[in-house]
>>> print(open('start-v7.cif').read())   # mmCIF, C-alpha atoms
data_start
#
loop_
_atom_site.label_atom_id
_atom_site.label_comp_id
_atom_site.auth_asym_id
_atom_site.auth_seq_id
_atom_site.Cartn_x
_atom_site.Cartn_y
_atom_site.Cartn_z
CA MET A 186 47.08 72.72 45.70
CA PRO A 187 46.36 71.64 49.30
CA THR A 188 42.78 72.11 50.55
CA GLN A 189 42.36 74.71 53.25
CA GLN A 190 39.54 74.60 55.80
CA VAL A 191 37.88 77.99 56.30
CA THR A 192 35.55 78.79 59.24
CA VAL A 193 33.02 81.50 58.63
CA THR A 194 32.67 83.67 61.72
CA ASP A 195 30.60 86.53 60.29
CA ARG A 196 27.17 84.95 59.84
CA LEU A 197 24.10 86.77 58.53
CA VAL A 198 20.51 85.46 58.49
CA SER A 199 17.62 86.98 56.53
CA PHE A 200 13.93 86.14 57.01
CA VAL A 201 11.35 86.67 54.27
CA PHE A 202 7.65 86.23 55.09
CA TYR A 203 5.15 85.46 52.32
CA CYS A 204 1.62 86.17 53.59
CA ALA A 205 -1.46 84.11 52.77
CA PRO A 206 -3.33 85.01 49.55
CA LEU A 207 -7.07 85.35 49.10
CA ASP A 208 -8.84 82.00 48.87
CA ARG A 209 -11.02 82.97 45.92
CA TYR A 210 -7.94 83.45 43.73
CA ASN A 211 -6.06 80.49 45.17
CA GLY A 212 -5.93 77.55 42.74
CA MET A 213 -4.76 75.26 45.53
CA TYR A 214 -7.92 76.06 47.47
CA SER A 215 -10.14 75.34 44.46
CA ASP A 216 -8.28 72.08 43.80
CA LEU A 217 -9.30 70.94 47.29
CA HIS A 218 -12.70 72.57 47.80
CA GLY A 219 -13.95 73.47 44.34
CA LEU A 220 -16.40 76.38 44.51
CA ASP A 221 -17.29 75.74 48.17
CA THR A 222 -17.00 79.19 49.76
CA SER A 223 -18.07 77.88 53.19
CA LYS A 224 -14.49 76.76 53.77
CA TYR A 225 -12.99 80.17 52.97
CA GLY A 226 -10.51 81.38 55.57
CA VAL A 227 -8.94 84.38 53.84
CA THR A 228 -11.69 86.46 52.32
CA ASP A 229 -11.90 90.18 51.55
CA SER A 230 -8.53 91.31 52.93
CA ALA A 231 -5.47 89.19 52.23
CA SER A 232 -2.98 88.79 55.05
CA TYR A 233 -0.15 91.25 55.67
CA LEU A 234 2.18 91.89 58.60
CA THR A 235 3.31 95.51 58.43
CA ARG A 236 4.43 96.68 61.90
CA LEU A 237 4.06 93.23 63.48
CA PRO A 238 6.44 93.13 66.49
CA PHE A 239 9.27 90.59 66.49
CA VAL A 240 12.56 89.74 68.15
CA VAL A 241 15.29 87.19 67.38
CA VAL A 242 16.66 85.30 70.37
CA ASP A 243 19.42 82.88 71.28
CA VAL A 244 17.47 79.63 71.74
CA ASP A 245 19.66 78.42 74.59
CA THR A 246 20.02 81.58 76.68
CA LYS A 247 16.75 83.28 75.56
CA LYS A 248 18.73 86.50 75.20
CA VAL A 249 17.51 88.88 72.49
CA ILE A 250 20.18 89.22 69.82
CA TYR A 251 18.07 91.42 67.52
CA PRO A 252 17.33 94.20 67.98
CA THR A 253 20.34 94.83 70.19
CA SER A 254 18.26 97.16 72.40
CA GLY A 255 16.41 94.07 73.67
CA ALA A 256 12.97 95.61 73.04
CA TYR A 257 11.39 94.62 69.71
CA LYS A 258 11.40 95.56 66.05
CA GLU A 259 8.46 95.75 63.66
CA PHE A 260 7.96 94.15 60.27
CA PRO A 261 8.72 96.58 57.45
CA GLY A 262 6.26 97.55 54.72
CA ARG A 263 5.27 95.01 52.12
CA THR A 264 6.10 94.23 48.55
CA TYR A 265 4.16 91.70 46.47
CA THR A 266 4.68 88.48 44.57
CA SER A 267 2.52 86.19 42.41
CA ALA A 268 5.27 83.63 41.89
CA LEU A 269 4.00 80.95 44.29
CA HIS A 270 1.16 79.63 42.10
CA ASP A 271 -1.60 80.51 44.54
CA GLY A 272 -2.39 84.18 43.93
CA LYS A 273 -0.99 87.53 44.94
CA ARG A 274 0.87 87.57 48.24
CA SER A 275 2.22 90.34 50.44
CA VAL A 276 5.93 89.91 51.18
CA HIS A 277 7.90 91.26 54.15
CA SER A 278 11.70 91.05 54.00
CA LEU A 279 13.35 91.56 57.38
CA ASP A 280 16.78 93.13 57.66
CA ALA A 281 19.75 90.77 57.58
CA ILE A 282 20.63 89.86 61.16
CA HIS A 283 24.21 89.48 62.36
CA ILE A 284 24.57 86.33 64.47
CA PRO A 285 27.15 86.68 67.31
CA ASP A 286 29.93 84.11 67.32
CA GLU A 287 28.82 82.52 70.59
CA VAL A 288 25.23 81.93 69.39
CA LYS A 289 24.57 78.46 67.98
CA ARG A 290 20.78 78.42 67.64
CA ILE A 291 18.25 81.18 67.02
CA ALA A 292 14.46 81.55 67.09
CA LEU A 293 11.82 84.24 66.58
CA HIS A 294 9.14 85.63 68.85
CA ILE A 295 6.41 87.45 66.92
CA ALA A 296 3.17 89.39 67.54
CA ASN A 297 2.36 89.93 71.23
CA ASP A 298 4.71 87.06 72.07
CA ALA A 299 7.52 89.47 71.13
CA PHE A 300 6.81 91.59 74.21
CA ARG A 301 9.27 91.23 77.06
CA TYR A 302 6.69 89.93 79.56
CA HIS A 303 5.51 87.13 77.23
CA ARG A 304 8.09 85.41 74.98
CA ASN A 305 6.65 82.00 75.70
CA PHE A 306 6.86 80.35 72.26
CA GLN A 307 10.11 80.09 70.31
CA LEU A 308 9.21 80.16 66.63
CA TYR A 309 11.43 78.15 64.23
CA PRO A 310 14.30 77.21 66.60
CA TRP A 311 17.16 76.52 64.24
CA THR A 312 20.89 75.83 64.28
CA VAL A 313 22.69 78.55 62.33
CA PRO A 314 25.12 77.03 59.79
CA ASP A 315 28.64 78.26 59.18
CA ALA A 316 27.63 80.20 56.12
CA ALA A 317 28.19 83.82 55.27
CA HIS A 318 24.50 84.49 54.57
CA SER A 319 21.53 82.19 55.13
CA LYS A 320 18.08 83.07 53.80
CA ILE A 321 14.90 81.72 55.41
CA HIS A 322 11.56 81.75 53.55
CA ILE A 323 8.42 81.57 55.71
CA PHE A 324 5.24 80.71 53.81
CA GLU A 325 1.98 81.56 55.57
CA LEU A 326 -0.69 79.14 54.37
CA ARG A 327 -3.77 77.20 55.34
CA SER A 328 -2.97 73.85 56.91
CA ASP A 329 -5.05 71.99 54.32
CA VAL A 330 -3.08 73.17 51.26
CA GLN A 331 0.40 72.13 52.38
CA ASN A 332 0.64 69.13 50.06
CA LYS A 333 -0.51 71.18 47.06
CA PHE A 334 1.91 73.96 47.94
CA ILE A 335 5.04 71.80 47.94
CA GLU A 336 3.89 70.09 44.73
CA LYS A 337 3.28 73.35 42.86
CA ASN A 338 6.45 75.02 44.11
CA ASN A 339 8.87 72.08 43.76
CA LEU A 340 9.76 71.94 47.44
CA PRO A 341 11.19 68.71 48.83
CA SER A 342 8.79 68.09 51.74
CA ILE A 343 6.29 69.51 54.21
CA PRO A 344 8.25 70.82 57.19
CA SER A 345 7.22 69.47 60.55
CA GLU A 346 5.35 72.12 62.51
CA ASN A 347 7.65 74.90 63.74
CA THR A 348 10.71 73.62 61.88
CA LEU A 349 12.81 74.79 58.95
CA VAL A 350 13.83 72.62 55.99
CA VAL A 351 16.70 73.15 53.56
CA LYS A 352 15.65 73.94 50.00
CA SER A 353 17.02 71.72 47.24
CA ALA A 354 18.64 74.72 45.61
CA PRO A 355 20.18 77.22 45.93
CA THR A 356 22.43 76.45 48.88
CA ASN A 357 22.04 78.21 52.24
CA GLU A 358 18.31 78.71 51.73
CA TYR A 359 15.66 77.24 54.05
CA TYR A 360 11.89 77.39 54.43
CA GLY A 361 9.11 76.84 56.95
CA PHE A 362 5.31 76.99 57.03
CA LEU A 363 3.18 79.30 59.17
CA THR A 364 -0.26 77.66 59.37
CA GLY A 365 -3.31 78.58 61.40
CA ASP A 366 -2.38 75.93 63.94
CA LEU A 367 1.06 77.45 64.42
CA TRP A 368 -0.42 80.96 64.62
CA ARG A 369 -2.56 79.70 67.51
CA LYS A 370 0.53 78.50 69.38
CA VAL A 371 2.38 81.75 68.71
CA SER A 372 -0.53 83.95 69.83
CA HIS A 373 -1.01 84.83 73.48
CA GLU A 374 -3.96 83.26 75.27
CA TYR A 375 -5.33 85.77 77.77
CA THR A 376 -5.61 84.48 81.32
CA ASP A 377 -7.52 85.63 84.39
CA ALA A 378 -4.37 87.40 85.54
CA ASP A 379 -4.17 89.25 82.21
CA ILE A 380 -7.80 90.36 82.49
CA SER A 381 -7.27 91.68 86.02
CA ARG A 382 -4.08 93.47 84.93
CA LEU A 383 -5.45 95.00 81.73
CA CYS A 384 -9.01 95.70 82.89
CA PRO A 385 -9.03 96.44 86.63
CA SER A 386 -12.35 96.65 88.40
CA GLY A 387 -14.03 100.04 88.54
CA THR A 388 -17.28 101.92 88.08
CA ILE A 389 -18.98 103.18 84.94
CA SER A 390 -21.75 105.75 84.68
CA ARG A 391 -24.43 106.82 82.25
CA ASN A 392 -27.46 109.07 82.03
CA ALA A 393 -30.39 107.33 83.68
CA LEU A 394 -33.60 106.93 81.71
CA ALA A 395 -36.74 108.27 83.36
CA GLY A 396 -39.08 105.67 84.84
CA ASP A 397 -36.69 102.78 84.38
CA MET A 398 -36.64 101.41 87.91
CA PRO A 399 -36.41 98.57 88.57
CA HIS A 400 -33.31 98.40 86.44
CA PRO A 401 -34.51 97.83 82.83
CA GLN A 402 -31.55 95.66 81.84
CA VAL A 403 -32.30 93.16 84.61
CA ALA A 404 -35.96 93.08 83.57
CA ALA A 405 -34.91 92.49 79.95
CA HIS A 406 -32.90 89.39 80.86
CA PRO A 407 -34.70 87.78 83.81
CA SER A 408 -33.51 84.25 83.02
CA HIS A 409 -29.81 85.16 83.04
CA ALA A 410 -29.37 88.29 85.13
CA LEU A 411 -29.98 86.68 88.53
CA VAL A 412 -28.56 83.17 88.19
CA PRO A 413 -27.35 81.67 91.48
CA ALA A 414 -23.87 80.19 91.55
CA MET A 415 -24.04 76.50 90.66
CA THR A 416 -22.78 73.91 93.09
CA ASN A 417 -19.40 72.46 92.06
CA ALA A 418 -19.21 74.80 89.06
CA VAL A 419 -16.10 76.75 88.13
CA THR A 420 -16.89 80.34 89.14
CA PRO A 421 -15.61 83.42 87.32
CA HIS A 422 -12.90 83.89 89.96
CA SER A 423 -11.50 80.34 89.88
CA ASP A 424 -7.86 79.92 88.99
CA GLY A 425 -7.08 78.64 85.51
CA PRO A 426 -9.37 78.37 82.50
CA HIS A 427 -13.09 78.87 83.02
CA ALA A 428 -15.43 75.93 82.61
CA TYR A 429 -17.64 76.08 79.54
CA VAL A 430 -21.23 75.95 80.74
CA GLY A 431 -23.15 75.25 77.56
CA PRO A 432 -22.66 73.50 74.22
CA VAL A 433 -22.11 75.29 70.93
CA LEU A 434 -24.67 73.88 68.56
CA GLY A 435 -24.87 73.68 64.80
CA GLY A 436 -27.75 74.94 62.73
CA SER A 437 -29.01 78.42 62.00
CA SER A 438 -30.07 79.42 65.53
CA PRO A 439 -27.46 81.05 67.75
CA ALA A 440 -26.10 78.80 70.47
CA SER A 441 -26.70 80.38 73.87
CA VAL A 442 -24.08 80.44 76.62
CA PRO A 443 -25.88 80.85 79.96
CA ALA A 444 -23.96 82.71 82.64
CA VAL A 445 -22.98 81.10 85.93
CA VAL A 446 -22.54 84.04 88.27
CA SER A 447 -23.86 85.43 91.51
CA ALA A 448 -26.62 87.99 91.34
CA PRO A 449 -25.15 91.29 90.10
CA ALA A 450 -25.43 94.45 92.14
CA LEU A 451 -28.04 96.83 90.75
CA PRO A 452 -26.84 100.19 89.44
CA GLN A 453 -27.01 103.14 91.83
CA VAL A 454 -29.00 106.14 90.62
CA THR A 455 -28.16 109.62 91.90
CA GLY A 456 -30.27 112.28 90.28
CA SER A 457 -30.00 111.65 86.55
CA VAL A 458 -26.79 109.57 86.74
CA GLU A 459 -26.72 105.77 86.95
CA THR A 460 -23.50 104.13 88.20
CA ILE A 461 -22.52 100.48 88.37
CA ALA A 462 -19.47 98.72 89.78
CA VAL A 463 -17.87 96.36 87.26
CA ASP A 464 -15.56 93.45 88.03
CA TRP A 465 -14.25 92.79 84.53
CA LEU A 466 -12.97 89.34 85.43
CA ALA A 467 -16.52 88.25 86.28
CA THR A 468 -18.16 90.32 83.53
CA LEU A 469 -16.02 88.87 80.72
CA ALA A 470 -16.08 85.30 82.07
CA PRO A 471 -19.05 84.15 79.91
CA ILE A 472 -17.24 85.34 76.76
CA TYR A 473 -14.01 83.47 77.48
CA ALA A 474 -15.97 80.38 78.58
CA ALA A 475 -17.75 80.06 75.24
CA GLY A 476 -17.00 77.54 72.52
CA ALA A 477 -14.90 74.91 74.29
CA GLY A 478 -14.21 72.00 71.95
CA SER A 479 -16.33 73.46 69.13
CA ARG A 480 -15.34 74.33 65.57
CA SER A 481 -18.89 75.23 64.56
CA MET A 482 -19.52 78.08 62.10
CA ALA A 483 -23.00 78.70 63.53
CA PRO A 484 -23.85 81.94 65.31
CA LEU A 485 -22.95 81.98 68.99
CA THR A 486 -24.76 84.09 71.59
CA VAL A 487 -23.24 85.04 74.93
CA GLU A 488 -25.20 86.78 77.69
CA ILE A 489 -23.43 89.38 79.83
CA PRO A 490 -25.80 89.48 82.84
CA THR A 491 -23.85 92.00 84.90
CA LEU A 492 -24.51 94.64 82.20
CA GLY A 493 -27.70 93.26 80.66
CA ILE A 494 -26.08 92.99 77.21
CA THR A 495 -26.24 90.17 74.67
CA LEU A 496 -23.24 89.55 72.41
CA THR A 497 -23.69 87.49 69.25
CA PHE A 498 -20.79 86.21 67.20
CA ILE A 499 -22.52 85.99 63.83
CA GLY A 500 -22.23 82.92 61.60
CA ARG A 501 -18.66 82.40 60.36
CA ALA A 502 -17.34 85.09 62.70
CA LEU A 503 -14.42 82.80 63.52
CA ALA A 504 -14.06 81.19 60.08
CA ASN A 505 -10.53 82.48 59.55
CA ALA A 506 -9.33 80.88 62.78
CA ILE A 507 -11.14 77.60 62.05
CA ASN A 508 -10.59 77.18 58.29
CA THR A 509 -6.86 77.96 58.28
CA SER A 510 -6.24 75.37 60.99
CA ASP A 511 -6.78 71.68 61.58
CA ASN A 512 -7.58 72.02 65.27
CA THR A 513 -8.39 75.56 66.46
CA THR A 514 -11.61 75.83 68.48
CA ILE A 515 -13.95 78.76 68.99
CA GLN A 516 -12.82 79.15 72.59
CA GLN A 517 -9.15 79.16 71.62
CA ALA A 518 -9.84 81.98 69.16
CA ILE A 519 -11.88 84.03 71.61
CA LYS A 520 -9.30 83.62 74.37
CA ARG A 521 -6.69 85.20 72.09
CA THR A 522 -8.76 88.38 71.86
CA SER A 523 -7.71 91.13 74.26
CA PRO A 524 -10.11 91.74 77.17
CA ARG A 525 -9.71 95.44 76.40
CA THR A 526 -11.63 95.02 73.12
CA PHE A 527 -14.60 93.42 74.83
CA ALA A 528 -14.49 95.83 77.78
CA ALA A 529 -14.46 98.86 75.48
CA ALA A 530 -17.39 97.58 73.41
CA LEU A 531 -19.44 96.66 76.46
CA LYS A 532 -18.78 99.92 78.30
CA ALA A 533 -19.77 102.00 75.29
CA ALA A 534 -22.89 99.91 74.69
CA TRP A 535 -24.00 100.09 78.34
CA ARG A 536 -23.51 103.85 78.49
CA LEU A 537 -25.77 104.25 75.45
CA HIS A 538 -28.42 101.74 76.68
CA ILE A 539 -27.58 99.37 73.79
CA ASP A 540 -28.53 95.85 74.85
CA LYS A 541 -27.41 93.77 71.85
CA LEU A 542 -24.17 93.78 69.86
CA SER A 543 -23.31 91.52 66.91
CA LEU A 544 -19.66 90.75 66.18
CA SER A 545 -18.11 89.44 62.96
CA SER A 546 -14.46 89.06 63.90
CA SER A 547 -12.12 88.92 66.90
CA TRP A 548 -8.71 87.17 66.96
CA ARG A 549 -7.85 85.70 63.58
CA PRO A 550 -4.51 84.40 62.31
CA MET A 551 -4.24 85.26 58.61
CA LEU A 552 -6.74 87.82 57.42
CA GLY A 553 -5.93 91.51 57.08
CA SER A 554 -3.47 93.44 59.22
CA ARG A 555 -1.61 92.70 62.43
CA LEU A 556 -4.39 94.13 64.65
CA HIS A 557 -6.62 91.04 64.71
CA LYS A 558 -3.60 88.70 64.73
CA MET A 559 -2.50 90.32 67.98
CA GLY A 560 -6.00 90.11 69.46
CA ASP A 561 -6.39 93.90 69.48
CA GLY A 562 -9.25 94.09 66.97
CA LEU A 563 -13.00 93.53 67.29
CA ASP A 564 -15.56 94.05 64.49
CA VAL A 565 -19.16 95.10 65.25
CA THR A 566 -21.79 94.55 62.52
CA SER A 567 -25.01 95.65 64.21
CA PHE A 568 -26.57 96.75 67.49
CA GLU A 569 -30.00 97.04 69.10
CA ASP A 570 -31.49 99.42 71.63
CA SER A 571 -34.77 97.75 72.55
CA LEU A 572 -36.07 100.70 74.56
CA GLU A 573 -35.71 103.10 71.63
CA HIS A 574 -36.65 100.38 69.10
CA ILE A 575 -33.36 100.83 67.22
CA ASP A 576 -31.96 97.90 65.26
CA PHE A 577 -29.10 99.19 63.12
CA THR A 578 -26.87 97.32 60.67
CA ILE A 579 -23.44 98.90 60.24
CA HIS A 580 -23.14 98.84 56.46
CA ASN A 581 -22.83 101.74 54.04
CA HIS A 582 -24.63 101.96 50.69
CA GLY A 583 -21.49 102.17 48.59
CA ALA A 584 -18.22 103.97 48.01
CA GLY A 585 -19.96 107.34 48.00
CA ASP A 586 -20.62 107.07 51.76
CA ARG A 587 -16.97 106.58 52.69
CA ASN A 588 -15.52 109.28 54.96
CA LEU A 589 -18.85 111.12 55.06
CA PRO A 590 -20.93 111.82 58.21
CA PHE A 591 -23.02 109.08 59.75
CA PRO A 592 -26.61 108.63 58.52
CA THR A 593 -29.18 111.02 60.00
CA SER A 594 -31.53 108.18 61.02
CA SER A 595 -31.93 107.33 64.71
CA GLY A 596 -29.68 104.30 64.20
CA GLY A 597 -27.06 106.34 62.38
CA GLN A 598 -27.00 108.93 65.14
CA LYS A 599 -26.76 106.20 67.80
CA LEU A 600 -23.77 104.87 65.87
CA ALA A 601 -22.26 108.36 65.95
CA LYS A 602 -22.56 108.32 69.75
CA LEU A 603 -21.09 104.81 69.92
CA TYR A 604 -18.16 105.95 67.77
CA ALA A 605 -17.57 108.93 70.06
CA GLU A 606 -17.72 106.76 73.20
CA LEU A 607 -15.21 104.31 71.79
CA ASN A 608 -12.80 107.03 70.67
CA ARG A 609 -12.58 108.49 74.18
CA ASP A 610 -12.43 105.18 76.02
CA SER A 611 -9.23 104.44 77.95
CA GLU A 612 -9.13 100.92 76.50
CA THR A 613 -9.02 101.90 72.82
CA LEU A 614 -6.40 103.18 70.41
CA HIS A 615 -7.77 106.58 69.49
CA GLY A 616 -7.99 107.20 65.76
CA ALA A 617 -8.15 103.46 65.10
CA ILE A 618 -11.91 103.06 65.30
CA TYR A 619 -12.87 102.48 61.66
CA THR A 620 -16.39 102.68 60.22
CA PRO A 621 -18.14 102.53 56.82
CA TRP A 622 -18.60 106.30 57.14
CA LEU A 623 -16.23 108.41 59.27
CA ASN A 624 -12.62 107.23 59.42
CA TRP A 625 -13.10 104.69 56.62
CA VAL A 626 -10.11 102.60 55.57
CA GLU A 627 -10.27 99.61 53.25
CA PRO A 628 -12.14 97.24 53.64
CA HIS A 629 -14.43 98.62 56.37
CA ASP A 630 -17.74 98.92 54.47
CA THR A 631 -19.65 96.31 56.48
CA HIS A 632 -18.66 96.82 60.10
CA MET A 633 -17.12 99.08 62.71
CA HIS A 634 -13.63 98.03 63.73
CA ILE A 635 -12.55 98.65 67.33
CA THR A 636 -8.82 98.66 68.10
CA ALA A 637 -7.80 98.13 71.71
CA LYS A 638 -4.59 99.57 73.08
CA GLY A 639 -1.67 97.14 72.90
CA GLU A 640 -0.02 95.91 76.07
#
>>> encode(input="start-v7.cif", output="structure tokens")
Amino acid sequence: MPTQQVTVTDRLVSFVFYCAPLDRYNGMYSDLHGLDTSKYGVTDSASYLTRLPFVVVDVDTKKVIYPTSGAYKEFPGRTYTSALHDGKRSVHSLDAIHIPDEVKRIALHIANDAFRYHRNFQLYPWTVPDAAHSKIHIFELRSDVQNKFIEKNNLPSIPSENTLVVKSAPTNEYYGFLTGDLWRKVSHEYTDADISRLCPSGTISRNALAGDMPHPQVAAHPSHALVPAMTNAVTPHSDGPHAYVGPVLGGSSPASVPAVVSAPALPQVTGSVETIAVDWLATLAPIYAAGAGSRSMAPLTVEIPTLGITLTFIGRALANAINTSDNTTIQQAIKRTSPRTFAAALKAAWRLHIDKLSLSSSWRPMLGSRLHKMGDGLDVTSFEDSLEHIDFTIHNHGAGDRNLPFPTSSGGQKLAKLYAELNRDSETLHGAIYTPWLNWVEPHDTHMHITAKGE
């Protein structure tokens, strides 16, 4: 019989994402690090991607081929597998995608890079073969376990970053790795223009405290609140990335990031109401300037002189970003956190005369849900109001406290006010402020989670 050449014109491609498992149950982690928990990156909430935005594009024209509306789709709900020799993983299987005849190469945009006004990083650009149905397996994993992963799972090689490799068998199946380093490249880094667009300047008000003039917040931070602009320094309004103005140090003491700003205007008091004008680009500048070049796990303190508030990223607050990657720095992680999260937290704190906030998590690539991966989540572990002598740790006493009212202590009632402020803030996603008490969802027993509105 003569051989006939057949060209397949109806091509389908399916993507399956296998999310990172918990480190403490991951034999590949223990092979590398033994019982050393300091290198944990995925801790109490294994990664999953339900409702993560994505689009599939033609690599060459950048046209969205899926969904056909040109907007974006979301990852479906998860199933589970324990077949990859490293613990239980969440699995997301995307719908099979029809590839138009004229399209030769495809790529993904995921997370906030899937939005029409971003789409800067083409994930897994790949030439579609002439096959009826190709299946692509994406394994999310720490960068340091790649060698162990291919060994345990009989894969032919480690794919180069952002590439797909053909599996040995069966045919028409391919795979790629999604490491912390690649997550960093996929995730949007917020710029000065983004801050100005998402958090325009405005005024905020609060009830004034009797007998607090001169302004108590300025008095509380005399060394940072009135710092003259430094000669030849990059000011908060300079174009491009902000200069980092202080080192991030190791050890147990928080590293301090002094502010380089002009003297802030004092709040105006009319009757019992105190009002202050806030330029969020200048106000948030010390946060986004912090941690350049550092991968330290030590606590990091940032002063916000315009509001008289101290932010502390507690020890290991950025461990997921650092330990799942070979190269990610503190600053790169912080810059992927939406300015709306910081603005919401600072506004609420200022209105309630809270002068210290401690944070345990901001942007992170492979821990928990999509919210932190997209930079829309911020976790608060404690706060202080020095005037009322309140120092409150946000941690319940056990499962019996979940979904019950806040504690009746002064700290618990201050938290209740903070929760109310955040829920009515224009920057936040209402109903998505989670606490160890009201509106508890797993695993929020040790912090209050703030969700900013998406873009």
>>> atom_distance(input="start-v7.cif", atom1="atom CA of A:Phe300", atom2="atom CA of A:Ala474")
25.8 Å
>>> closest_residue(input="start-v7.cif", among="A:Thr491, A:Asn505, A:Ser571, A:Ser372", to="A:His303", atoms="only C-alpha atoms")
A:Ser372
>>> atom_distance(input="start-v7.cif", atom1="atom CA of A:Thr636", atom2="atom CA of A:Leu600")
16.3 Å
>>> resolve_selection(input="start-v7.cif", expression="the PyMOL selection byres ((chain A and resi 580) around 9)", output="PyMOL selection string")
chain A and resi 566-567+577-579+581-583+620-622+629-633
>>> closest_residue(input="start-v7.cif", among="A:Ile635, A:Ala601, A:Ala617, A:Ala467", to="A:Asp564", atoms="all atoms listed in the file")
A:Ile635
>>> resolve_selection(input="start-v7.cif", expression="the PyMOL selection byres ((chain A and resi 455) around 12)", output="list in words")
Ser390, Arg391, Asn392, Ala393, Leu394, Pro452, Gln453, Val454, Gly456, Ser457, Val458, Glu459, Thr460 and Ile461 of chain A
>>> residues_near_point(input="start-v7.cif", point="(7.0, 77.2, 41.1)", cutoff="9 Å", atoms="all atoms listed in the file", output="PDB file with C-alpha atoms, keeping the file's coordinate frame")
ATOM      1  CA  ALA A 268       5.270  83.630  41.890  1.00  0.00           C
ATOM      2  CA  LEU A 269       4.000  80.950  44.290  1.00  0.00           C
ATOM      3  CA  HIS A 270       1.160  79.630  42.100  1.00  0.00           C
ATOM      4  CA  ILE A 335       5.040  71.800  47.940  1.00  0.00           C
ATOM      5  CA  GLU A 336       3.890  70.090  44.730  1.00  0.00           C
ATOM      6  CA  LYS A 337       3.280  73.350  42.860  1.00  0.00           C
ATOM      7  CA  ASN A 338       6.450  75.020  44.110  1.00  0.00           C
ATOM      8  CA  ASN A 339       8.870  72.080  43.760  1.00  0.00           C
ATOM      9  CA  LEU A 340       9.760  71.940  47.440  1.00  0.00           C
TER      10      LEU A 340
END
>>> closest_residue(input="start-v7.cif", among="A:Gly255, A:Gly478, A:Gly226, A:Gly387", to="A:Lys532", atoms="all atoms listed in the file")
A:Gly387
>>> residues_near_point(input="start-v7.cif", point="(15.9, 95.2, 63.7)", cutoff="10 Å", atoms="all atoms listed in the file", output="PyMOL selection string")
chain A and resi 239-241+250-254+256-261+279-282
>>> resolve_selection(input="start-v7.cif", expression="the PyMOL selection byres ((chain A and resi 604) around 12)", output="ChimeraX atom specification")
/A:529-530,533-534,537,565,579,590-591,597-603,605-610,613,615-624,632-636
>>> build_atoms(input="start-v7.cif", residues="stretch 201-212 of chain A", atoms="N, CA and C atoms", output="mmCIF file, keeping the file's coordinate frame")
data_model
loop_
_atom_site.group_PDB
_atom_site.id
_atom_site.type_symbol
_atom_site.label_atom_id
_atom_site.label_comp_id
_atom_site.auth_asym_id
_atom_site.auth_seq_id
_atom_site.Cartn_x
_atom_site.Cartn_y
_atom_site.Cartn_z
ATOM 1 N N VAL A 201 12.324 86.098 55.194
ATOM 2 C CA VAL A 201 11.350 86.670 54.270
ATOM 3 C C VAL A 201 10.017 85.973 54.521
ATOM 4 N N PHE A 202 8.978 86.761 54.830
ATOM 5 C CA PHE A 202 7.650 86.230 55.090
ATOM 6 C C PHE A 202 6.739 86.473 53.897
ATOM 7 N N TYR A 203 6.090 85.399 53.431
ATOM 8 C CA TYR A 203 5.150 85.460 52.320
ATOM 9 C C TYR A 203 3.751 85.212 52.883
ATOM 10 N N CYS A 204 2.915 86.240 52.913
ATOM 11 C CA CYS A 204 1.620 86.170 53.590
ATOM 12 C C CYS A 204 0.570 85.439 52.751
ATOM 13 N N ALA A 205 -0.430 84.909 53.434
ATOM 14 C CA ALA A 205 -1.460 84.110 52.770
ATOM 15 C C ALA A 205 -2.233 84.921 51.733
ATOM 16 N N PRO A 206 -2.538 84.325 50.584
ATOM 17 C CA PRO A 206 -3.330 85.010 49.550
ATOM 18 C C PRO A 206 -4.815 84.805 49.782
ATOM 19 N N LEU A 207 -5.625 85.533 49.032
ATOM 20 C CA LEU A 207 -7.070 85.350 49.100
ATOM 21 C C LEU A 207 -7.479 83.974 48.588
ATOM 22 N N ASP A 208 -8.412 83.335 49.279
ATOM 23 C CA ASP A 208 -8.840 82.000 48.870
ATOM 24 C C ASP A 208 -9.500 81.983 47.494
ATOM 25 N N ARG A 209 -10.257 83.019 47.171
ATOM 26 C CA ARG A 209 -11.020 82.970 45.920
ATOM 27 C C ARG A 209 -10.127 83.036 44.688
ATOM 28 N N TYR A 210 -8.876 83.446 44.852
ATOM 29 C CA TYR A 210 -7.940 83.450 43.730
ATOM 30 C C TYR A 210 -6.866 82.368 43.879
ATOM 31 N N ASN A 211 -7.062 81.487 44.830
ATOM 32 C CA ASN A 211 -6.060 80.490 45.170
ATOM 33 C C ASN A 211 -6.419 79.155 44.495
ATOM 34 N N GLY A 212 -5.657 78.796 43.457
ATOM 35 C CA GLY A 212 -5.930 77.550 42.740
ATOM 36 C C GLY A 212 -5.787 76.325 43.621
#
